[in-house]
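Structure, as structure tokens:
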There are 2 protein chains.
Amino acid sequence: MTREQLFENILKKKSFLCVGLDTDIDKIPAHLLENNDPIFAFNKAIIDATAKYCVAYKPNSAFYEGMGIDGEYALDKTVEYLRLKYPEHFIILDAKRGDIGNTSDMYAKSAFKQMKVNAITVAPYMGEDSVKPFLAYQNKWVILLALTSNMGSQDFQMIADANGERLFEKVLKKSKEWGTTDQLMYVVGATQGSMFADIRKIVPDHFLLVPGVGAQGGSLAEVVKYGMNKQCGLLVNASRSIIYADNGLDFAFAAASEAKKIQEEMAIYLADLQR
Amino acid sequence: MTREQLFENILKKKSFLCVGLDTDIDKIPAHLLENNDPIFAFNKAIIDATAKYCVAYKPNSAFYEGMGIDGEYALDKTVEYLRLKYPEHFIILDAKRGDIGNTSDMYAKSAFKQMKVNAITVAPYMGEDSVKPFLAYQNKWVILLALTSNMGSQDFQMIADANGERLFEKVLKKSKEWGTTDQLMYVVGATQGSMFADIRKIVPDHFLLVPGVGAQGGSLAEVVKYGMNKQCGLLVNASRSIIYADNGLDFAFAAASEAKKIQEEMAIYLADLQR
């Protein structure tokens, strides 16, 4: 999917919501456990209920790996279901991979050739040759960690050099030379809303994937105020607040209702953008 | 496995070699492809041939993920084979994971509860709460990236703050407070041999996992000179130079012979250590 297509979808859906599929067998409604593949059954119901309110899905690889081979199967089936039934939705494998070149090659192959997702999240610590193999695929995206939403983001990402430049700023500056704005996005946590202004000075045109709205407490209004650009430039993710909105028979309805709430707020911001 | 047990194994085997299982279906001998599970067949043969020359194995998750579900099965079978047949060997899942707390929880569960490996490599970019969940398991190890063996290690790891302290040094200093020397090791690339002296100033007692000897060109003598401590403190990994030493019917014999060469050099260094 190209940046233009993504932007078109955002305008059409009046939404820049990404639904995070952090599916945990211990948290899904009990009645689904009778199913052959409860994880896929849960994901399918969540996807069908929320698809009209979002433009992207982000399965979180860890949750599927945590369930072993059964989890891997459920992940593959989920991605295939999305690709076939909802081809306009942007699929992000949240995996935070990154290794030496020949190994990143393999991670890229896994994401883009095996699973056929649109994008994968990548960690920058190992530098250029750990990221480049992911950028070798046409119409595929790398979403590089810049400033994350967790407490630990203070440990290294915020450390400044002699000129006051912080590590996440260095990551943005260096990495934006490695690919185009049609290949590269950045993870920027919503819990750090006021930092978006600093980030937009370095990467005015890139899309940003923004976790941390919802369960982690970030404010959508603040993210939009400082982070939105002319082509929206934002994919805002919510996981737990949507998919675990209710734990009973009506879980999918509750998820849709949570997604709709966010979408309606987003529609207002997008209307402002087009004025 | 505890640090004492690992050191005992090193003395007993006269080896601190780790064999990296970067198994690539496109590189294994052609005759294995007739097998039901060629990847496992290859790994089993390599393991049986090299076990007496090494103390650790390091399957590289990316290579198995790159082959989809079949690869995941082969990885699980390989780890299970190691655990049952070679319980004294230390098993490292090279996965370079790291995410917000609830997600790192899942990666830890996958490595330590599902696969039951001894150790996992972890990336430090997201800070303390991304690493801590891995440290919650008794007798399990986190091997944190400090200074890697690739070109891209120059991009961010070597950047200094106003006091001249480099990022990899900050990672060592901060993270050594997060766990004990019985839980934490560090990845330090052999291609940066002279840096080991600087690293030992910060972490004199920790074990270091050292990739980059062999195909990547690092010198074992230099690593030992600057990196060895009283309890050895080194696990030196070689992957491609051992497992792909030969591509024909004698591949396992060739792998054993390469591993033996390295082990014999290591025996000399260990004899010096005990004097």
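By convention here, the chains of the structure tokens are called A, B, ... in the order presented, each chain's residues are numbered starting at 1, and ligands are numbered starting at 1 in the order presented.
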* To do: Would you please extract all strand (DSSP E) residues from segment 12-227 of chain B, as assigned by DSSP on the backbone, and give them as a ChimeraX atom specification?
  => /B:17-21,56-59,90-97,119-122,141-147,184-188,207-210
Pull the closest atom pair for each residue of chain A that gets at most 6 Å from chain B, along with the distance in Å to one decimal, counting only C-alpha atoms, ordering rows by chain and then ascending residue number, as a tab-separated table.
```
residue	atom	partner	partner_atom	distance
A:Ala62	CA	B:Tyr107	CA	5.2
A:Phe63	CA	B:Met106	CA	5.6
A:Glu65	CA	B:Ser110	CA	5.6
A:Gly66	CA	B:Ser110	CA	4.1
A:Met106	CA	B:Gly66	CA	5.0
A:Tyr107	CA	B:Ala62	CA	5.2
A:Lys109	CA	B:Gly66	CA	5.5
A:Ser110	CA	B:Gly66	CA	4.1
A:Met126	CA	B:Ser153	CA	5.2
A:Gly127	CA	B:Gly152	CA	4.0
A:Glu128	CA	B:Gly152	CA	5.0
A:Asp129	CA	B:Gly152	CA	5.5
A:Gly152	CA	B:Gly127	CA	4.0
A:Ser153	CA	B:Met126	CA	5.2
A:Asp155	CA	B:Gly127	CA	5.3
A:Asp161	CA	B:Asp161	CA	3.9
A:Ala162	CA	B:Ala162	CA	3.9
```
Dump as a PDB file, in the first residue's frame, selection limited to C-alpha atoms:
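Written file, part-v6.pdb:
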```pdb
ATOM      1  CA  ALA A  62       4.580 -11.475  21.153  1.00  0.00           C
ATOM      2  CA  PHE A  63       1.061 -12.509  22.132  1.00  0.00           C
ATOM      3  CA  GLU A  65       4.508 -16.388  20.124  1.00  0.00           C
ATOM      4  CA  GLY A  66       3.534 -16.675  23.783  1.00  0.00           C
ATOM      5  CA  MET A 106      15.131 -13.371   7.286  1.00  0.00           C
ATOM      6  CA  TYR A 107      12.837 -11.297   9.486  1.00  0.00           C
ATOM      7  CA  LYS A 109      11.204 -12.451   4.474  1.00  0.00           C
ATOM      8  CA  SER A 110       9.016 -13.735   7.301  1.00  0.00           C
ATOM      9  CA  MET A 126      21.803  -1.976  15.628  1.00  0.00           C
ATOM     10  CA  GLY A 127      21.796   0.807  13.024  1.00  0.00           C
ATOM     11  CA  GLU A 128      21.524   1.092   9.275  1.00  0.00           C
ATOM     12  CA  ASP A 129      22.404  -2.407   8.079  1.00  0.00           C
ATOM     13  CA  GLY A 152      11.780   2.952  29.909  1.00  0.00           C
ATOM     14  CA  SER A 153      11.815   5.393  26.998  1.00  0.00           C
ATOM     15  CA  ASP A 155      16.441   5.380  29.993  1.00  0.00           C
ATOM     16  CA  ASP A 161      24.765  14.403  23.297  1.00  0.00           C
ATOM     17  CA  ALA A 162      27.079  17.402  23.821  1.00  0.00           C
TER      18      ALA A 162
END
```
* To do: Please identify all polymer residues within 9 Å of Phe7 of chain B, counting only C-alpha atoms, omitting same-chain residues fewer than 5 positions from it, and present them as a PyMOL selection string.
  => chain B and resi 2+12+16+231-233
* Given the choices A:Ile202, A:Trp178, A:Glu222, A:Glu265, which gets closest to Ala190 of chain A if the distance is worked out from only C-alpha atoms? -> A:Glu222
* Residue neighbourhood Gln138 of chain A, 12 Å, only C-alpha atoms, exclusion window fewer than 4 positions, as a ChimeraX atom specification -> /A:1-2,108,112-113,116,118-119,133-134,142,179-180,182-184
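What separates atom CA of Tyr81 of chain A from atom CA of Val187 of chain A is a distance of 25.3 Å.
Taking atom CA of Lys260 of chain B as the reference point, atom CA of Thr50 of chain B is found at 7.8 Å.
Closest approach to Tyr57 of chain A from the set A:Leu208, A:Ala267, A:Cys18, A:Met195 is made by A:Cys18, with distances taken over only C-alpha atoms.
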* To do: Could you give me, as an MDAnalysis selection string, the residues within 9 Å of Ile39 of chain A, counting only C-alpha atoms and dropping anything in the same chain fewer than 2 positions from it?
  => chainID A and resid 23:25 28 32:33 35 37 41:44 64 70:71 74:75 78
If you keep N, CA and C atoms, can you produce a file of those selected residues as a PDB file, in the first residue's frame?
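What follows is the written file result19.pdb:
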```pdb
ATOM      1  N   THR A  23      -3.905 -10.206  21.355  1.00  0.00           N
ATOM      2  CA  THR A  23      -4.887 -11.192  21.802  1.00  0.00           C
ATOM      3  C   THR A  23      -4.273 -12.202  22.763  1.00  0.00           C
ATOM      4  N   ASP A  24      -4.879 -12.239  23.959  1.00  0.00           N
ATOM      5  CA  ASP A  24      -4.344 -13.038  25.065  1.00  0.00           C
ATOM      6  C   ASP A  24      -5.403 -14.077  25.459  1.00  0.00           C
ATOM      7  N   ILE A  25      -5.028 -15.329  25.365  1.00  0.00           N
ATOM      8  CA  ILE A  25      -5.992 -16.408  25.642  1.00  0.00           C
ATOM      9  C   ILE A  25      -6.609 -16.276  27.045  1.00  0.00           C
ATOM     10  N   ILE A  28      -9.652 -13.379  26.708  1.00  0.00           N
ATOM     11  CA  ILE A  28     -10.788 -13.394  25.787  1.00  0.00           C
ATOM     12  C   ILE A  28     -12.003 -14.018  26.487  1.00  0.00           C
ATOM     13  N   LEU A  32     -15.624 -18.396  24.100  1.00  0.00           N
ATOM     14  CA  LEU A  32     -14.851 -18.655  22.874  1.00  0.00           C
ATOM     15  C   LEU A  32     -13.896 -19.831  23.043  1.00  0.00           C
ATOM     16  N   LEU A  33     -13.632 -20.197  24.266  1.00  0.00           N
ATOM     17  CA  LEU A  33     -12.638 -21.248  24.505  1.00  0.00           C
ATOM     18  C   LEU A  33     -13.114 -22.613  24.008  1.00  0.00           C
ATOM     19  N   ASN A  35     -14.200 -23.048  21.143  1.00  0.00           N
ATOM     20  CA  ASN A  35     -13.835 -23.031  19.729  1.00  0.00           C
ATOM     21  C   ASN A  35     -12.561 -23.818  19.452  1.00  0.00           C
ATOM     22  N   ASP A  37     -10.173 -22.895  17.435  1.00  0.00           N
ATOM     23  CA  ASP A  37      -9.089 -21.913  17.461  1.00  0.00           C
ATOM     24  C   ASP A  37      -9.648 -20.634  18.085  1.00  0.00           C
ATOM     25  N   ALA A  41     -10.930 -17.061  16.396  1.00  0.00           N
ATOM     26  CA  ALA A  41     -12.360 -16.740  16.521  1.00  0.00           C
ATOM     27  C   ALA A  41     -12.540 -15.357  17.143  1.00  0.00           C
ATOM     28  N   PHE A  42     -11.738 -15.068  18.164  1.00  0.00           N
ATOM     29  CA  PHE A  42     -11.791 -13.750  18.801  1.00  0.00           C
ATOM     30  C   PHE A  42     -11.384 -12.659  17.802  1.00  0.00           C
ATOM     31  N   ASN A  43     -10.234 -12.857  17.152  1.00  0.00           N
ATOM     32  CA  ASN A  43      -9.747 -11.842  16.214  1.00  0.00           C
ATOM     33  C   ASN A  43     -10.747 -11.576  15.095  1.00  0.00           C
ATOM     34  N   LYS A  44     -11.304 -12.649  14.554  1.00  0.00           N
ATOM     35  CA  LYS A  44     -12.250 -12.515  13.439  1.00  0.00           C
ATOM     36  C   LYS A  44     -13.462 -11.678  13.874  1.00  0.00           C
ATOM     37  N   TYR A  64       1.134 -13.940  20.177  1.00  0.00           N
ATOM     38  CA  TYR A  64       0.953 -15.195  19.443  1.00  0.00           C
ATOM     39  C   TYR A  64       2.124 -16.139  19.729  1.00  0.00           C
ATOM     40  N   ASP A  70       0.375 -23.034  18.221  1.00  0.00           N
ATOM     41  CA  ASP A  70      -1.043 -22.683  18.064  1.00  0.00           C
ATOM     42  C   ASP A  70      -1.219 -21.185  17.847  1.00  0.00           C
ATOM     43  N   GLY A  71      -0.442 -20.426  18.584  1.00  0.00           N
ATOM     44  CA  GLY A  71      -0.493 -18.977  18.445  1.00  0.00           C
ATOM     45  C   GLY A  71      -0.016 -18.528  17.070  1.00  0.00           C
ATOM     46  N   ALA A  74      -2.705 -19.115  14.585  1.00  0.00           N
ATOM     47  CA  ALA A  74      -3.781 -18.126  14.730  1.00  0.00           C
ATOM     48  C   ALA A  74      -3.368 -16.787  14.127  1.00  0.00           C
ATOM     49  N   LEU A  75      -2.096 -16.429  14.294  1.00  0.00           N
ATOM     50  CA  LEU A  75      -1.595 -15.182  13.721  1.00  0.00           C
ATOM     51  C   LEU A  75      -1.637 -15.244  12.190  1.00  0.00           C
ATOM     52  N   THR A  78      -5.157 -15.004  10.995  1.00  0.00           N
ATOM     53  CA  THR A  78      -5.686 -13.649  11.189  1.00  0.00           C
ATOM     54  C   THR A  78      -5.218 -12.729  10.067  1.00  0.00           C
TER      55      THR A  78
END
```
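In terms of minimum interatomic distance to Tyr53 of chain A, A:Glu264 ranks closest within A:Asp250, A:Asp26, A:Glu264, A:Glu169, counting only C-alpha atoms.
Of note, atom CA of Leu270 of chain B and atom CA of Ala245 of chain B are spaced 25.2 Å apart.
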